[in-house]
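Trainee: If you scroll down you'll find the structure; I have some questions about it.
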Amino acid sequence: MPHASTIQTLERPPKSAPKTHSVRIASRFCGPPGSGNGGYTVGLLSKHVGPEAEITLKRPVPLDEAMHVVRDSRDHAALVHGGAEIAVARKSRLEVDVPEGITFARAAAARVQYLGYRTHPFPKCFVCGTGRACDDGMCLFTGPVDAGVVASSWVPSAELVCRNGEVAPELVCAALDCPGAWSLISACGIAGPIVLGRMTYRLDRPIFAGDRYVVMGWALGRERRKSFCGTAIYDAAGEVCAAAYSTWIEIG
C-alpha cells in the first residue's frame with residue numbers, strides 16, 4: 001500500500017484560474033438606444049469559443065464601459081459587467097436548413113422594399129438603421145423577396161476588416177443579426193420592438209472587403225413573445241459563408 005506522501009503526489013493539480021480579457025464596445029456599435037448591437041456582441045464574445053457556437057444575451061449590453069470576457073474553459077465564456085453576466089457563449093452545433101441563395105442583383109433590388117424605410121424601432125442601429133450614413137453603419141437594408149424571406153446586397157467596406165482583408169468575426173455576426181428580425185417583422189406582423197435573445201452561428205469561410213455578398217433572413221415561427229429565424233451570408237457563387245439560427249424576444 002502506498003505511503004501517504006505518495007498518494008499526495010498522485011492527486012490532480014488544482015484547476016487554473018479562468019482567463020480574463022478586458023473589452024469595451026464603442027457607442028458606434030449600438031442596436032437599441034444605449035445598448036450594444038446583439039450580433040456584434042455575439043461575435044465579440046464568440047471569438048473566445050470558436051467558429052461555431054451558441055450565445056445567449058441576458059441583459060442590455062453597456063456601451064463605452066469596461067467589461068470582461070471570462071473564459072473558464074475552451075468551450076465556455078461569459079461577458080461580465082459589474083459582477084453580472086451580460087452574455088454567455090458555449091460551443092454548439094448549428095442545426096438549421098439554409099435555403100439556396102439568390103442573385104446579387106435580386107438582393108440589391110430588394111433593398112428598395114425595406115420595411116425600415118417606413119418605420120424603424122431603432123433607426124440608429126449600426127447594422128440596419130436608416131439614421132446611419134453608410135460610411136458609419138453597415139446599411140443592411142433587407143427587403144422582401146418571398147413570403148417571410150428578406151435579402152440585401154452587401155459589399156463590405158475596407159474599414160470592417162481585421163486581417164488579410166477578412167471582415168472581423170464580430171461584424172460577420174452583426175450581419176447575421178438584423179436581417180432575421182426583418183424577416184420576422186415581415187412574416188409575423190410584429191408591431192412592438194424585438195431584440196436578439198440567442199444566436200447559434202457557424203462561420204464557414206472568410207468574408208472579404210470589396211467582394212459581393214448576399215445576406216438573407218427567413219422566418220421560422222413564433223411562440224408567444226419569442227420568434228425564431230435563420231440568416232445566412234452567400235458569396236457571388238451562391239456558397240454559404242456564414243449562417244445562424246436566432247431567437248428574438250418581443251419587448252414593451
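Here, A, B, ... name the chains of the C-alpha cells in the order displayed, residue numbers run from 1 inside each chain, and ligands are numbered from 1 in the same displayed order.
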Quick one: residues within 12 Å of A:Cys134, only C-alpha atoms counted, chain neighbours fewer than 2 positions away excluded, as a short mmCIF file (atom, residue, chain, number, x, y, z; two decimals) with C-alpha atoms, in the first residue's frame?
Mentor:
data_model
loop_
_atom_site.label_atom_id
_atom_site.label_comp_id
_atom_site.auth_asym_id
_atom_site.auth_seq_id
_atom_site.Cartn_x
_atom_site.Cartn_y
_atom_site.Cartn_z
CA LYS A 124 -29.57 54.39 -35.13
CA CYS A 125 -28.83 50.64 -35.17
CA PHE A 126 -25.32 50.04 -36.50
CA VAL A 127 -26.44 47.21 -38.79
CA CYS A 128 -29.82 48.20 -40.23
CA GLY A 129 -30.54 51.74 -39.03
CA THR A 130 -31.83 54.22 -41.59
CA GLY A 131 -30.48 57.04 -39.44
CA ARG A 132 -26.88 55.98 -40.09
CA ASP A 136 -20.80 54.94 -40.38
CA GLY A 137 -23.20 51.95 -40.26
CA MET A 138 -23.49 48.74 -42.26
CA CYS A 139 -26.69 49.80 -44.07
CA LEU A 140 -28.01 46.25 -44.45
CA PHE A 141 -31.49 47.11 -45.68
CA TRP A 154 -23.67 43.66 -49.29
CA VAL A 155 -20.21 44.86 -50.28
CA PRO A 156 -18.19 45.09 -47.04
CA SER A 157 -16.05 48.20 -46.74
CA GLU A 159 -12.82 49.55 -42.51
#
Trainee: Got a sec to tell me which of stretch 52-117 of chain A DSSP assigns to alpha helix (DSSP H), as a list in words?
Mentor: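 The alpha helix (DSSP H) residues within stretch 52-117 of chain A come out as Phe104, Ala105, Arg106, Ala107, Ala108, Ala109 and Ala110 of chain A.
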Trainee: Between A:Thr119, A:Ala105, A:Pro32, A:Glu95, single out the one closest to A:Leu63, counting only C-alpha atoms.
Mentor: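 Using only C-alpha atoms, the shortest distance to A:Leu63 belongs to A:Pro32.
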Trainee: Among stretch 23-251 of chain A, which residues carry a DSSP assignment of strand (DSSP E or B), reported as a PyMOL selection string?
Mentor: chain A and resi 23+30+36+52-57+67-73+76-81+84-91+143-146+149-154+161-163+166-167+194-203+208+213-223+226-234+240-250
Trainee: May I have the residues within 12 Å of A:Val49 as a PyMOL selection string, using only C-alpha atoms and disregarding those fewer than 3 positions away in the same chain?
Mentor: chain A and resi 42-46+52-55+69-78+88-92+169+201-202
Trainee: Near stretch 233-249 of chain A, within 9 Å and counting only C-alpha atoms, which residues show up once chain neighbours fewer than 5 positions away are dropped, as number ranges by chain?
Mentor: A: 94-96, 98, 100-104, 172-173, 175-177, 180-181, 184, 193-207, 211-216, 225-228
Trainee: For A:Trp182, which residue out of A:His120, A:Arg224, A:Lys19, A:Lys47 is the nearest one, using only C-alpha atoms?
Mentor: A:His120
Trainee: Tell me which of A:Gly38, A:Pro123, A:Gly230, A:Gly217 sits closest to A:Ile25, counting only C-alpha atoms.
Mentor: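 Counting only C-alpha atoms, the residue closest to A:Ile25 is A:Gly38.
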Trainee: Which one of A:Ile185, A:Ala168, A:Ala26, A:Ala109 sits closest to A:Ser153 if you count only C-alpha atoms?
Mentor: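 That would be A:Ala109, the residue with the smallest distance to A:Ser153.
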